[in-house]
Structures are given as C-alpha cells and as structure tokens.
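Peer 1: Sharing run07.cif, mmCIF, C-alpha atoms and all ligand atoms:
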```cif
data_coords
loop_
_atom_site.group_PDB
_atom_site.id
_atom_site.type_symbol
_atom_site.label_atom_id
_atom_site.label_comp_id
_atom_site.auth_asym_id
_atom_site.auth_seq_id
_atom_site.Cartn_x
_atom_site.Cartn_y
_atom_site.Cartn_z
ATOM 1 C CA MET A 1 -70.221 -15.444 8.965
ATOM 2 C CA ALA A 2 -69.110 -11.909 9.819
ATOM 3 C CA ASP A 3 -66.993 -10.199 7.133
ATOM 4 C CA LEU A 4 -63.468 -10.138 8.604
ATOM 5 C CA GLY A 5 -62.550 -7.361 6.173
ATOM 6 C CA ILE A 6 -64.397 -5.063 8.568
ATOM 7 C CA PRO A 7 -61.871 -4.019 11.243
ATOM 8 C CA ARG A 8 -64.134 -4.507 14.258
ATOM 9 C CA ASN A 9 -64.846 -8.124 13.238
ATOM 10 C CA THR A 10 -61.136 -8.910 12.992
ATOM 11 C CA ILE A 11 -60.501 -7.276 16.373
ATOM 12 C CA GLU A 12 -63.361 -9.256 17.933
ATOM 13 C CA VAL A 13 -62.002 -12.593 16.649
ATOM 14 C CA LEU A 14 -58.426 -11.789 17.755
ATOM 15 C CA GLN A 15 -59.538 -10.713 21.237
ATOM 16 C CA ARG A 16 -61.886 -13.624 21.779
ATOM 17 C CA HIS A 17 -59.114 -16.095 20.872
ATOM 18 C CA ARG A 18 -56.502 -14.028 22.770
ATOM 19 C CA PHE A 19 -54.352 -14.113 19.665
ATOM 20 C CA THR A 20 -51.483 -11.666 19.310
ATOM 21 C CA THR A 21 -49.969 -11.274 15.855
ATOM 22 C CA ARG A 22 -46.430 -12.552 15.307
ATOM 23 C CA LYS A 23 -43.870 -10.409 13.574
ATOM 24 C CA LYS A 24 -41.644 -13.422 12.839
ATOM 25 C CA TYR A 25 -44.374 -14.825 10.573
ATOM 26 C CA GLY A 26 -45.043 -11.491 8.847
ATOM 27 C CA GLN A 27 -48.575 -11.319 10.258
ATOM 28 C CA ASN A 28 -50.281 -8.157 9.026
ATOM 29 C CA PHE A 29 -53.953 -8.930 8.545
ATOM 30 C CA LEU A 30 -56.014 -7.146 5.916
ATOM 31 C CA ILE A 31 -58.838 -5.006 7.283
ATOM 32 C CA ASP A 32 -60.124 -3.247 4.173
ATOM 33 C CA THR A 33 -63.039 -4.658 2.191
ATOM 34 C CA ASN A 34 -62.212 -2.559 -0.907
ATOM 35 C CA VAL A 35 -58.688 -3.965 -1.084
ATOM 36 C CA LEU A 36 -59.976 -7.511 -0.588
ATOM 37 C CA ASP A 37 -62.500 -7.036 -3.393
ATOM 38 C CA LYS A 38 -59.796 -5.613 -5.627
ATOM 39 C CA ILE A 39 -57.462 -8.597 -5.098
ATOM 40 C CA VAL A 40 -60.180 -11.144 -5.768
ATOM 41 C CA ARG A 41 -61.338 -9.221 -8.863
ATOM 42 C CA ALA A 42 -57.760 -8.922 -10.187
ATOM 43 C CA ALA A 43 -57.374 -12.699 -9.874
ATOM 44 C CA GLU A 44 -60.526 -13.129 -12.023
ATOM 45 C CA ILE A 45 -61.735 -16.075 -9.980
ATOM 46 C CA THR A 46 -64.623 -18.192 -11.189
ATOM 47 C CA LYS A 47 -66.308 -21.374 -9.989
ATOM 48 C CA GLU A 48 -64.030 -23.257 -12.407
ATOM 49 C CA ASP A 49 -60.951 -22.227 -10.450
ATOM 50 C CA CYS A 50 -58.889 -24.038 -7.842
ATOM 51 C CA VAL A 51 -57.212 -21.410 -5.686
ATOM 52 C CA LEU A 52 -54.153 -21.895 -3.502
ATOM 53 C CA GLU A 53 -53.877 -19.327 -0.725
ATOM 54 C CA ILE A 54 -50.576 -18.966 1.116
ATOM 55 C CA GLY A 55 -50.902 -17.686 4.698
ATOM 56 C CA PRO A 56 -54.650 -17.307 5.354
ATOM 57 C CA GLY A 57 -54.104 -15.674 8.775
ATOM 58 C CA ILE A 58 -57.548 -15.655 10.399
ATOM 59 C CA GLY A 59 -59.240 -16.459 7.087
ATOM 60 C CA THR A 60 -60.195 -12.977 5.904
ATOM 61 C CA MET A 61 -59.284 -13.335 2.239
ATOM 62 C CA THR A 62 -60.075 -17.056 2.338
ATOM 63 C CA GLN A 63 -63.734 -16.148 2.904
ATOM 64 C CA TYR A 64 -63.729 -13.899 -0.157
ATOM 65 C CA LEU A 65 -61.981 -16.593 -2.226
ATOM 66 C CA ALA A 66 -64.303 -19.372 -1.057
ATOM 67 C CA GLU A 67 -67.320 -17.327 -2.209
ATOM 68 C CA GLN A 68 -65.959 -17.013 -5.770
ATOM 69 C CA ALA A 69 -63.858 -20.119 -6.422
ATOM 70 C CA GLY A 70 -64.686 -23.768 -7.068
ATOM 71 C CA LYS A 71 -62.342 -24.789 -4.277
ATOM 72 C CA VAL A 72 -59.639 -23.279 -2.120
ATOM 73 C CA THR A 73 -56.635 -24.743 -0.299
ATOM 74 C CA ALA A 74 -55.118 -22.501 2.365
ATOM 75 C CA VAL A 75 -51.638 -23.249 3.761
ATOM 76 C CA GLU A 76 -50.840 -21.669 7.132
ATOM 77 C CA ILE A 77 -47.635 -22.187 9.151
ATOM 78 C CA ASP A 78 -48.877 -20.890 12.516
ATOM 79 C CA ARG A 79 -50.476 -23.714 14.499
ATOM 80 C CA ASP A 80 -52.197 -21.235 16.814
ATOM 81 C CA LEU A 81 -54.241 -19.859 13.908
ATOM 82 C CA ILE A 82 -55.759 -23.257 13.049
ATOM 83 C CA PRO A 83 -58.561 -23.221 15.668
ATOM 84 C CA ILE A 84 -59.452 -19.685 14.566
ATOM 85 C CA LEU A 85 -59.500 -20.703 10.891
ATOM 86 C CA GLU A 86 -61.627 -23.760 11.688
ATOM 87 C CA GLU A 87 -64.172 -21.374 13.168
ATOM 88 C CA THR A 88 -64.086 -18.572 10.569
ATOM 89 C CA LEU A 89 -64.100 -20.986 7.619
ATOM 90 C CA ALA A 90 -66.674 -23.423 9.033
ATOM 91 C CA PRO A 91 -69.469 -22.181 6.738
ATOM 92 C CA TYR A 92 -67.427 -22.945 3.599
ATOM 93 C CA GLY A 93 -67.488 -26.533 2.402
ATOM 94 C CA ASN A 94 -64.997 -25.891 -0.413
ATOM 95 C CA VAL A 95 -61.973 -24.964 1.726
ATOM 96 C CA THR A 96 -59.105 -27.319 2.653
ATOM 97 C CA LEU A 97 -56.838 -26.122 5.436
ATOM 98 C CA ILE A 98 -53.222 -27.294 5.678
ATOM 99 C CA ASN A 99 -51.023 -26.476 8.678
ATOM 100 C CA GLN A 100 -47.580 -26.365 7.043
ATOM 101 C CA ASP A 101 -44.642 -24.227 6.036
ATOM 102 C CA ILE A 102 -45.250 -23.483 2.348
ATOM 103 C CA LEU A 103 -41.490 -23.558 1.722
ATOM 104 C CA LYS A 104 -41.284 -27.153 2.970
ATOM 105 C CA MET A 105 -44.321 -28.414 1.107
ATOM 106 C CA ASP A 106 -44.203 -30.295 -2.206
ATOM 107 C CA VAL A 107 -46.591 -27.777 -3.804
ATOM 108 C CA LYS A 108 -46.251 -29.234 -7.298
ATOM 109 C CA LYS A 109 -47.297 -32.712 -6.183
ATOM 110 C CA TYR A 110 -50.151 -31.340 -4.083
ATOM 111 C CA VAL A 111 -51.482 -29.109 -6.866
ATOM 112 C CA GLU A 112 -51.270 -31.864 -9.485
ATOM 113 C CA GLU A 113 -53.397 -34.177 -7.350
ATOM 114 C CA TRP A 114 -55.800 -31.648 -5.862
ATOM 115 C CA GLY A 115 -56.257 -29.626 -9.077
ATOM 116 C CA GLU A 116 -56.719 -32.866 -11.049
ATOM 117 C CA GLY A 117 -54.210 -31.790 -13.652
ATOM 118 C CA ARG A 118 -55.619 -28.289 -14.099
ATOM 119 C CA PRO A 119 -53.453 -25.235 -13.391
ATOM 120 C CA VAL A 120 -54.324 -23.317 -10.226
ATOM 121 C CA LYS A 121 -54.459 -19.655 -9.278
ATOM 122 C CA VAL A 122 -52.343 -18.564 -6.349
ATOM 123 C CA VAL A 123 -53.775 -15.672 -4.352
ATOM 124 C CA ALA A 124 -52.178 -14.347 -1.173
ATOM 125 C CA ASN A 125 -51.338 -11.500 1.108
ATOM 126 C CA LEU A 126 -47.788 -12.816 1.414
ATOM 127 C CA PRO A 127 -45.567 -12.836 4.476
ATOM 128 C CA TYR A 128 -43.019 -10.243 3.275
ATOM 129 C CA TYR A 129 -39.960 -11.913 4.824
ATOM 130 C CA ILE A 130 -40.191 -14.786 2.318
ATOM 131 C CA THR A 131 -41.823 -13.209 -0.760
ATOM 132 C CA THR A 132 -38.990 -14.045 -3.157
ATOM 133 C CA PRO A 133 -38.432 -17.688 -2.090
ATOM 134 C CA ILE A 134 -42.188 -18.336 -2.262
ATOM 135 C CA ILE A 135 -42.629 -16.888 -5.757
ATOM 136 C CA MET A 136 -39.409 -18.292 -7.184
ATOM 137 C CA GLY A 137 -40.171 -21.659 -5.579
ATOM 138 C CA LEU A 138 -43.545 -21.804 -7.357
ATOM 139 C CA PHE A 139 -42.016 -20.937 -10.719
ATOM 140 C CA GLU A 140 -38.832 -22.983 -10.497
ATOM 141 C CA SER A 141 -40.524 -26.142 -9.316
ATOM 142 C CA HIS A 142 -42.924 -25.783 -12.265
ATOM 143 C CA VAL A 143 -46.150 -25.840 -10.271
ATOM 144 C CA PRO A 144 -48.984 -25.796 -12.865
ATOM 145 C CA LEU A 145 -50.115 -22.162 -12.536
ATOM 146 C CA LYS A 146 -52.525 -19.855 -14.318
ATOM 147 C CA SER A 147 -51.588 -16.810 -12.320
ATOM 148 C CA ILE A 148 -50.224 -15.516 -9.039
ATOM 149 C CA THR A 149 -52.032 -12.501 -7.567
ATOM 150 C CA VAL A 150 -50.285 -11.327 -4.429
ATOM 151 C CA MET A 151 -49.832 -8.510 -1.981
ATOM 152 C CA VAL A 152 -46.137 -7.772 -1.617
ATOM 153 C CA GLN A 153 -43.940 -4.958 -0.384
ATOM 154 C CA LYS A 154 -44.340 -2.046 -2.814
ATOM 155 C CA GLU A 155 -40.620 -1.962 -3.554
ATOM 156 C CA VAL A 156 -40.589 -5.674 -4.423
ATOM 157 C CA ALA A 157 -43.555 -5.236 -6.805
ATOM 158 C CA GLY A 158 -41.528 -2.482 -8.498
ATOM 159 C CA ARG A 159 -38.553 -4.813 -8.868
ATOM 160 C CA MET A 160 -40.668 -7.566 -10.404
ATOM 161 C CA GLN A 161 -42.008 -5.200 -13.058
ATOM 162 C CA ALA A 162 -38.812 -3.204 -13.761
ATOM 163 C CA GLY A 163 -37.170 -3.089 -17.198
ATOM 164 C CA PRO A 164 -33.519 -2.682 -18.300
ATOM 165 C CA GLY A 165 -31.622 0.458 -17.344
ATOM 166 C CA THR A 166 -33.673 1.235 -14.234
ATOM 167 C CA LYS A 167 -32.370 1.049 -10.669
ATOM 168 C CA ASP A 168 -34.963 -1.566 -9.695
ATOM 169 C CA TYR A 169 -34.015 -3.927 -12.542
ATOM 170 C CA GLY A 170 -32.255 -7.072 -11.387
ATOM 171 C CA ALA A 171 -32.234 -10.852 -11.108
ATOM 172 C CA LEU A 172 -35.770 -10.884 -9.650
ATOM 173 C CA SER A 173 -37.173 -8.827 -12.573
ATOM 174 C CA LEU A 174 -35.646 -11.195 -15.108
ATOM 175 C CA ALA A 175 -36.688 -14.355 -13.296
ATOM 176 C CA VAL A 176 -40.294 -13.205 -12.881
ATOM 177 C CA GLN A 177 -40.516 -11.925 -16.457
ATOM 178 C CA TYR A 178 -39.197 -15.208 -17.837
ATOM 179 C CA TYR A 179 -42.119 -17.076 -16.297
ATOM 180 C CA ALA A 180 -44.935 -14.508 -16.276
ATOM 181 C CA LYS A 181 -46.312 -11.154 -17.344
ATOM 182 C CA PRO A 182 -46.297 -8.842 -14.285
ATOM 183 C CA GLU A 183 -48.892 -6.095 -13.729
ATOM 184 C CA ILE A 184 -49.235 -3.971 -10.609
ATOM 185 C CA VAL A 185 -52.971 -3.685 -9.958
ATOM 186 C CA ALA A 186 -53.106 -1.582 -6.776
ATOM 187 C CA ASN A 187 -51.015 0.305 -4.279
ATOM 188 C CA VAL A 188 -52.063 -0.349 -0.710
ATOM 189 C CA PRO A 189 -51.196 1.935 2.244
ATOM 190 C CA PRO A 190 -50.211 0.589 5.721
ATOM 191 C CA ASN A 191 -53.555 1.567 7.307
ATOM 192 C CA CYS A 192 -55.308 -1.254 5.433
ATOM 193 C CA PHE A 193 -53.593 -3.805 7.721
ATOM 194 C CA LEU A 194 -53.661 -4.770 11.380
ATOM 195 C CA PRO A 195 -51.017 -4.233 12.665
ATOM 196 C CA ARG A 196 -49.734 -1.655 10.178
ATOM 197 C CA PRO A 197 -46.576 -2.736 8.323
ATOM 198 C CA ALA A 198 -43.623 -0.329 8.252
ATOM 199 C CA VAL A 199 -43.609 -0.318 4.439
ATOM 200 C CA GLY A 200 -46.042 0.418 1.608
ATOM 201 C CA SER A 201 -47.609 -2.525 -0.208
ATOM 202 C CA ALA A 202 -48.823 -3.333 -3.701
ATOM 203 C CA VAL A 203 -50.905 -6.014 -5.342
ATOM 204 C CA ILE A 204 -49.212 -7.576 -8.362
ATOM 205 C CA ARG A 205 -50.640 -10.093 -10.800
ATOM 206 C CA LEU A 206 -48.246 -12.469 -12.550
ATOM 207 C CA THR A 207 -49.906 -14.228 -15.476
ATOM 208 C CA GLY A 208 -47.956 -17.375 -16.292
ATOM 209 C CA TYR A 209 -46.678 -17.966 -19.851
ATOM 210 C CA GLU A 210 -47.426 -21.276 -21.484
ATOM 211 C CA THR A 211 -44.065 -21.091 -23.200
ATOM 212 C CA PRO A 212 -41.333 -18.676 -22.038
ATOM 213 C CA PRO A 213 -40.962 -15.485 -24.102
ATOM 214 C CA VAL A 214 -37.304 -16.302 -24.893
ATOM 215 C CA GLN A 215 -35.475 -19.511 -25.740
ATOM 216 C CA ALA A 216 -32.715 -20.497 -23.334
ATOM 217 C CA ALA A 217 -31.086 -23.836 -24.125
ATOM 218 C CA ASP A 218 -30.264 -24.266 -20.432
ATOM 219 C CA GLU A 219 -32.587 -22.367 -18.067
ATOM 220 C CA GLU A 220 -30.504 -23.042 -14.966
ATOM 221 C CA LYS A 221 -27.313 -21.802 -16.562
ATOM 222 C CA MET A 222 -29.049 -18.663 -17.829
ATOM 223 C CA PHE A 223 -30.216 -17.870 -14.289
ATOM 224 C CA ALA A 224 -26.749 -18.558 -12.869
ATOM 225 C CA LEU A 225 -25.433 -16.086 -15.457
ATOM 226 C CA ILE A 226 -28.068 -13.506 -14.512
ATOM 227 C CA ARG A 227 -27.309 -13.828 -10.784
ATOM 228 C CA ALA A 228 -23.596 -13.391 -11.464
ATOM 229 C CA ALA A 229 -24.301 -10.358 -13.670
ATOM 230 C CA PHE A 230 -26.114 -8.540 -10.862
ATOM 231 C CA ASN A 231 -23.851 -9.669 -8.010
ATOM 232 C CA GLN A 232 -21.499 -6.796 -8.657
ATOM 233 C CA ARG A 233 -23.724 -4.111 -10.105
ATOM 234 C CA ARG A 234 -21.006 -1.476 -10.370
ATOM 235 C CA LYS A 235 -18.673 -3.644 -12.446
ATOM 236 C CA THR A 236 -18.895 -4.244 -16.170
ATOM 237 C CA LEU A 237 -20.786 -7.386 -17.155
ATOM 238 C CA ALA A 238 -17.595 -9.049 -18.468
ATOM 239 C CA ASN A 239 -15.832 -8.398 -15.139
ATOM 240 C CA SER A 240 -18.775 -9.666 -13.075
ATOM 241 C CA LEU A 241 -18.963 -12.861 -15.121
ATOM 242 C CA GLY A 242 -15.173 -13.288 -15.038
ATOM 243 C CA ASN A 243 -15.181 -12.927 -11.233
ATOM 244 C CA ALA A 244 -18.018 -15.355 -10.652
ATOM 245 C CA ALA A 245 -16.475 -18.479 -9.170
ATOM 246 C CA GLY A 246 -18.255 -21.598 -10.312
ATOM 247 C CA LEU A 247 -19.750 -20.068 -13.451
ATOM 248 C CA GLY A 248 -16.722 -21.182 -15.477
ATOM 249 C CA VAL A 249 -16.975 -18.426 -18.083
ATOM 250 C CA GLY A 250 -13.890 -16.188 -17.804
ATOM 251 C CA LYS A 251 -13.668 -12.507 -18.688
ATOM 252 C CA GLU A 252 -12.247 -13.033 -22.195
ATOM 253 C CA ASN A 253 -14.983 -15.472 -23.192
ATOM 254 C CA ALA A 254 -17.603 -13.059 -21.896
ATOM 255 C CA GLU A 255 -16.085 -10.176 -23.896
ATOM 256 C CA ARG A 256 -15.956 -12.278 -27.042
ATOM 257 C CA ALA A 257 -19.583 -13.333 -26.689
ATOM 258 C CA LEU A 258 -20.683 -9.729 -26.113
ATOM 259 C CA GLU A 259 -18.786 -8.667 -29.217
ATOM 260 C CA ARG A 260 -20.528 -11.351 -31.267
ATOM 261 C CA MET A 261 -23.834 -9.960 -30.043
ATOM 262 C CA GLY A 262 -22.789 -6.462 -31.152
ATOM 263 C CA LEU A 263 -22.578 -5.205 -27.562
ATOM 264 C CA PRO A 264 -19.700 -3.093 -26.155
ATOM 265 C CA SER A 265 -17.296 -4.864 -23.768
ATOM 266 C CA SER A 266 -17.897 -2.061 -21.228
ATOM 267 C CA ILE A 267 -21.635 -2.811 -20.966
ATOM 268 C CA ARG A 268 -23.144 -3.377 -17.502
ATOM 269 C CA GLY A 269 -25.515 -6.178 -16.557
ATOM 270 C CA GLU A 270 -28.412 -3.809 -15.972
ATOM 271 C CA ALA A 271 -28.472 -2.799 -19.662
ATOM 272 C CA LEU A 272 -29.299 -6.233 -21.099
ATOM 273 C CA THR A 273 -32.826 -7.406 -21.860
ATOM 274 C CA LEU A 274 -34.110 -10.889 -21.017
ATOM 275 C CA GLU A 275 -33.748 -11.810 -24.698
ATOM 276 C CA GLN A 276 -30.106 -10.701 -24.650
ATOM 277 C CA TYR A 277 -29.451 -12.763 -21.515
ATOM 278 C CA ALA A 278 -30.923 -15.807 -23.231
ATOM 279 C CA GLY A 279 -28.737 -15.102 -26.297
ATOM 280 C CA LEU A 280 -25.617 -14.619 -24.187
ATOM 281 C CA SER A 281 -26.305 -17.776 -22.228
ATOM 282 C CA ASN A 282 -26.779 -19.766 -25.440
ATOM 283 C CA LEU A 283 -23.449 -18.462 -26.754
ATOM 284 C CA LEU A 284 -21.504 -19.112 -23.554
ATOM 285 C CA PHE A 285 -22.808 -22.535 -22.551
HETATM 286 N N1 LIG A 301 -54.189 -13.685 4.462
HETATM 287 C C1 LIG A 301 -54.239 -12.998 5.754
HETATM 288 C C2 LIG A 301 -54.773 -11.603 5.542
HETATM 289 O O1 LIG A 301 -54.690 -11.124 4.428
HETATM 290 O O2 LIG A 301 -55.245 -11.009 6.503
HETATM 291 C C3 LIG A 301 -52.877 -12.981 6.456
HETATM 292 C C4 LIG A 301 -51.718 -12.416 5.678
HETATM 293 S S1 LIG A 301 -50.253 -12.218 6.621
HETATM 294 C C5 LIG A 301 -49.463 -10.915 5.721
HETATM 295 C C6 LIG A 301 -49.218 -13.586 6.171
HETATM 296 C C7 LIG A 301 -49.666 -14.953 6.673
HETATM 297 O O3 LIG A 301 -48.732 -15.949 6.228
HETATM 298 C C8 LIG A 301 -49.735 -15.101 8.190
HETATM 299 O O4 LIG A 301 -50.929 -15.711 8.551
HETATM 300 C C9 LIG A 301 -48.534 -15.999 8.535
HETATM 301 O O5 LIG A 301 -48.709 -16.758 9.716
HETATM 302 C C10 LIG A 301 -48.458 -16.868 7.294
HETATM 303 N N2 LIG A 301 -47.121 -17.450 7.026
HETATM 304 C C11 LIG A 301 -45.910 -16.926 7.329
HETATM 305 N N3 LIG A 301 -44.922 -17.732 6.916
HETATM 306 C C12 LIG A 301 -45.509 -18.795 6.319
HETATM 307 C C13 LIG A 301 -45.010 -19.995 5.718
HETATM 308 N N4 LIG A 301 -43.702 -20.224 5.612
HETATM 309 N N5 LIG A 301 -45.908 -20.893 5.233
HETATM 310 C C14 LIG A 301 -47.248 -20.671 5.325
HETATM 311 N N6 LIG A 301 -47.765 -19.550 5.896
HETATM 312 C C15 LIG A 301 -46.928 -18.632 6.383
#
```
Can you dump the structure from the file as structure tokens?
Peer 2:
Amino acid sequence: MADLGIPRNTIEVLQRHRFTTRKKYGQNFLIDTNVLDKIVRAAEITKEDCVLEIGPGIGTMTQYLAEQAGKVTAVEIDRDLIPILEETLAPYGNVTLINQDILKMDVKKYVEEWGEGRPVKVVANLPYYITTPIIMGLFESHVPLKSITVMVQKEVAGRMQAGPGTKDYGALSLAVQYYAKPEIVANVPPNCFLPRPAVGSAVIRLTGYETPPVQAADEEKMFALIRAAFNQRRKTLANSLGNAAGLGVGKENAERALERMGLPSSIRGEALTLEQYAGLSNLLF
C-alpha cells in the first residue's frame, strides 16, 4: 500500500474518491513522513500494544500504527471516510474500524473488552475543536490507559504542560497533571498538513500514573474547586471560591483554610500547585 505520508499519495486518494476535507470535523491530514515516524516512536509502540486511534482520516497514521502494534482500533466520525479507510487499510489484518463519534462512545467498556483487561495506548492527530473533551473524557471515565500521544494545537500543549505562576497555567494543566506526566515531543508547523491549519501544532505524550501524584479525598470536589479558582483569574482565590455558586465554600472558609496552609489570603489561584489544591480541597470538603 502506498505511504499516505507522502503528499502526492494523499492527494491521489482524495481526488480519486472526490473527497473534500471538512472544517467542521477538524480535518487536517498529515503529509509528512518524518512527523508520522516521530509520533509513532514517541508512543513506543510494540507488538504487545493495543492502540486506539481517534480520527484516522484517510488512514495515514493508522498504517504506521498497524505496522508496529499488535492491534489497532480506529474511531472515525465521518461516514464518507469509511470507504476510503476500507481501501487504504485493506492490507492490515490487525485494524478494527468504527464509524462513531468518540465523544458518544463508551470507550472504557470498549477498551476493557477489546484490550482484554490490558491498558491501551491512545495515539491521534486530534480534531482540534474537541481536544479538551476528548482527553478529559478519557481520563475522567477511567479508561485503562498506558499513555496518550497526540497532536494538538501548540498553545493547548503548552497549557497541558504549564506550571504554577505562568500565564498558561490553568484548570487543564492541573487536570492533565493529576492523571499523567506530560512531555512535549515535537513542534509541528502548518505545512505538514493538508489543508494547512491556521495554528501551530505540537505532539504531546501523556504517560498515565498508576496512582495520582497527590491524594485528594474527593477528586470531583477538588476539580470543582480548581475550575472555580480559575473562573475569575484576576480575583484572589478566596474571592473566586466565595463567588462560585454551587461550590458551597464561602469566602471566610476559604480564607481560613488558606491561613491554615500558611498561604496569604490575597493569593491568586494561579500560584497554587496541584499538591496545594489537593490539600485545600481536603481541608474544605
Ligand atoms: N489521523 C488523520 C491524519 O493524521 O491525517 C486525520 C487527523 S484530522 C486532524 C482529525 C480526524 O478526526 C478527522 O478524520 C475527523 O473526521 C475525525 N473526527 C472529528 N471529530 C471526531 C469525533 N467526534 N469522533 C471521531 N473522529 C472525529
């Protein structure tokens, strides 16, 4: 099968099937063999691995994954890509194709059955309009995962990896870092895609923790606290928490808890580490 990482092969397949890419599905197909190699290498795929690919497009990365992995499941929302995928993936006996919206799929149940109890590796060139719901969905629904290696918007990769006190630090950084160790493995310019996206991209690897790095008595409450803390970035943390309807904390309680932690009452949400959020959550709830 022709390597779809070579631009002229992708163009040939698209033209022959009269397929035009759809912006609403975030379709920017990879046309750079070096980048494809880099993603697959970063994911450290072996024949022991079950790989879940989200959004295979015309099957470019799927081919690379199928060569290295034990088996691959690729979930694609766009029905019009299915006949193309059936053609480009025909030589690979270890690929299962599912025509579904990943956000509507019970990924945990599927992975548990298909992976036969073993954790899977997720590898994808993600549709950028739903990067956060896809990644948070995988973590929060506790899909058994070894790692997630994905192409995302460069700015989003920066937010996932950011630490306290930086402008990129926020609820996404803390959520990702609670579940996994993030490492940016490559920056990828727009000319590696067809069509070219308007933004720069990066490949990030998130290696899942077996046990979280901090102890939160109530995970959900800690994340509600974190979201409230970053909802009003310019306010002090105590004010943000006091203003958050539904959190049930109150400004005075927040100030008292901060004092017990040896933190000033004027501190802002962006200054606290994940460990401090876990501590604060354990004190408040
Ligand atoms: N993997 C291909 C590549 O690298 O060339 C395509 C990547 S493209 C950035 C994103 C893919 O995700 C598209 O094929 C798009 O149709 C698919 N997609 C978009 N939304 C989806 C969803 N909710 N569920 C599953 N696939 C989706």
Peer 1: Report as number ranges by chain which protein, DNA and RNA residues come within 8 Å of ligand LIG 301 (chain A), using all atoms listed in the file.
Peer 2: A: 22, 24-31, 53-62, 75-78, 81, 99-104, 124-130, 193
Peer 1: Kindly provide the residues of range 103-212 of chain A that approach range 39-52 of chain A to within 10 Å, each paired with its closest atom pair and their distance in Å to one decimal, based on all atoms listed in the file, listed by chain and increasing number, as CSV.
Peer 2:
```
residue,atom,partner,partner_atom,distance
A:Val107,CA,A:Leu52,CA,9.6
A:Val111,CA,A:Leu52,CA,8.4
A:Trp114,CA,A:Cys50,CA,8.4
A:Gly115,CA,A:Cys50,CA,6.3
A:Glu116,CA,A:Cys50,CA,9.6
A:Arg118,CA,A:Cys50,CA,8.2
A:Pro119,CA,A:Cys50,CA,7.9
A:Val120,CA,A:Cys50,CA,5.2
A:Lys121,CA,A:Val51,CA,4.9
A:Val122,CA,A:Leu52,CA,4.7
A:Val123,CA,A:Leu52,CA,6.3
A:Ala124,CA,A:Leu52,CA,8.1
A:Asn125,CA,A:Ile39,CA,9.2
A:Leu145,CA,A:Val51,CA,9.9
A:Lys146,CA,A:Asp49,CA,9.6
A:Ser147,CA,A:Ala43,CA,7.5
A:Ile148,CA,A:Ala43,CA,7.7
A:Thr149,CA,A:Ala43,CA,5.8
A:Val150,CA,A:Ile39,CA,7.7
A:Met151,CA,A:Ile39,CA,8.2
A:Glu183,CA,A:Ala42,CA,10.0
A:Ile184,CA,A:Ala42,CA,9.9
A:Val185,CA,A:Ala42,CA,7.1
A:Ala186,CA,A:Ile39,CA,8.4
A:Val203,CA,A:Ile39,CA,7.1
A:Ile204,CA,A:Ala42,CA,8.8
A:Arg205,CA,A:Ala42,CA,7.2
A:Leu206,CA,A:Ala43,CA,9.5
A:Thr207,CA,A:Ala43,CA,9.5
```
Peer 1: State, in Å with one decimal place, the distance from CA of Gly93 in chain A to CA of His142 in chain A.
Peer 2: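 That distance, rounded to one decimal, is 28.6 Å.
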Peer 1: For a test of reading the model, state the distance in Å between CA of Leu174 in chain A and CA of Leu274 in chain A, rounded to one decimal.
Peer 2: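 CA of Leu274 in chain A lies at a distance of 6.1 Å from CA of Leu174 in chain A.
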Peer 1: Starting from the displayed file, determine the output of the PyMOL selection byres (((chain A and resi 173) around 10) and not hetatm) and express the residue list as number ranges by chain.
Peer 2: A: 156-164, 168-172, 174-178, 182, 274
Peer 1: Tell me which of A:Val143, A:Tyr64, A:Ala271, A:Val95 sits closest to Gly117 in chain A, counting all atoms listed in the file.
Peer 2: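 Ranking A:Val143, A:Tyr64, A:Ala271, A:Val95 by distance to Gly117 in chain A, first place goes to A:Val143.
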Peer 1: How many Å separate CA of Pro195 in chain A from CA of Leu14 in chain A?
Peer 2: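 These atoms are spaced 11.7 Å apart.
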Peer 1: Neighbouring residues of Leu241 in chain A were defined as those with any atom within 8 Å, considering all atoms listed in the file; residues of the same chain fewer than 6 positions away were excluded. Please report them as a list of chain:residue names.
Peer 2: A:Leu225, A:Ala228, A:Ala229, A:Leu247, A:Val249, A:Gly250, A:Lys251, A:Ala254
Peer 1: Name the residues captured by the PyMOL selection byres (((chain A and resi 284) around 9) and not hetatm) when it is applied to the shown file; answer as a PyMOL selection string.
Peer 2: chain A and resi 249+253-254+257+279-283+285
Peer 1: Written as an NGL selection string, what is the full residue list that the PyMOL selection byres (((chain A and resi 84) around 10) and not hetatm) yields on the file shown?
Peer 2: :A and (13-14 or 16-17 or 19 or 57-59 or 79-83 or 85-90)
Peer 1: In terms of the shortest atom-to-atom distance over all atoms listed in the file, which of A:Ile135, A:Val199, A:Val72, A:Ala244 is closest to Phe230 in chain A?
Peer 2: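 Checking each candidate against Phe230 in chain A, we get A:Ala244 as the closest.
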Peer 1: Hey, which of A:Gly137, A:Pro91, A:Pro213, A:Pro144 ends up closest to Glu275 in chain A? Count only C-alpha atoms.
Peer 2: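 Nearest to Glu275 in chain A: A:Pro213.
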Peer 1: Of the candidates A:Lys109, A:Lys71, A:Tyr277, A:Lys38, which one gets nearest to Glu219 in chain A if we count all atoms listed in the file?
Peer 2: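 Closest candidate: A:Tyr277.
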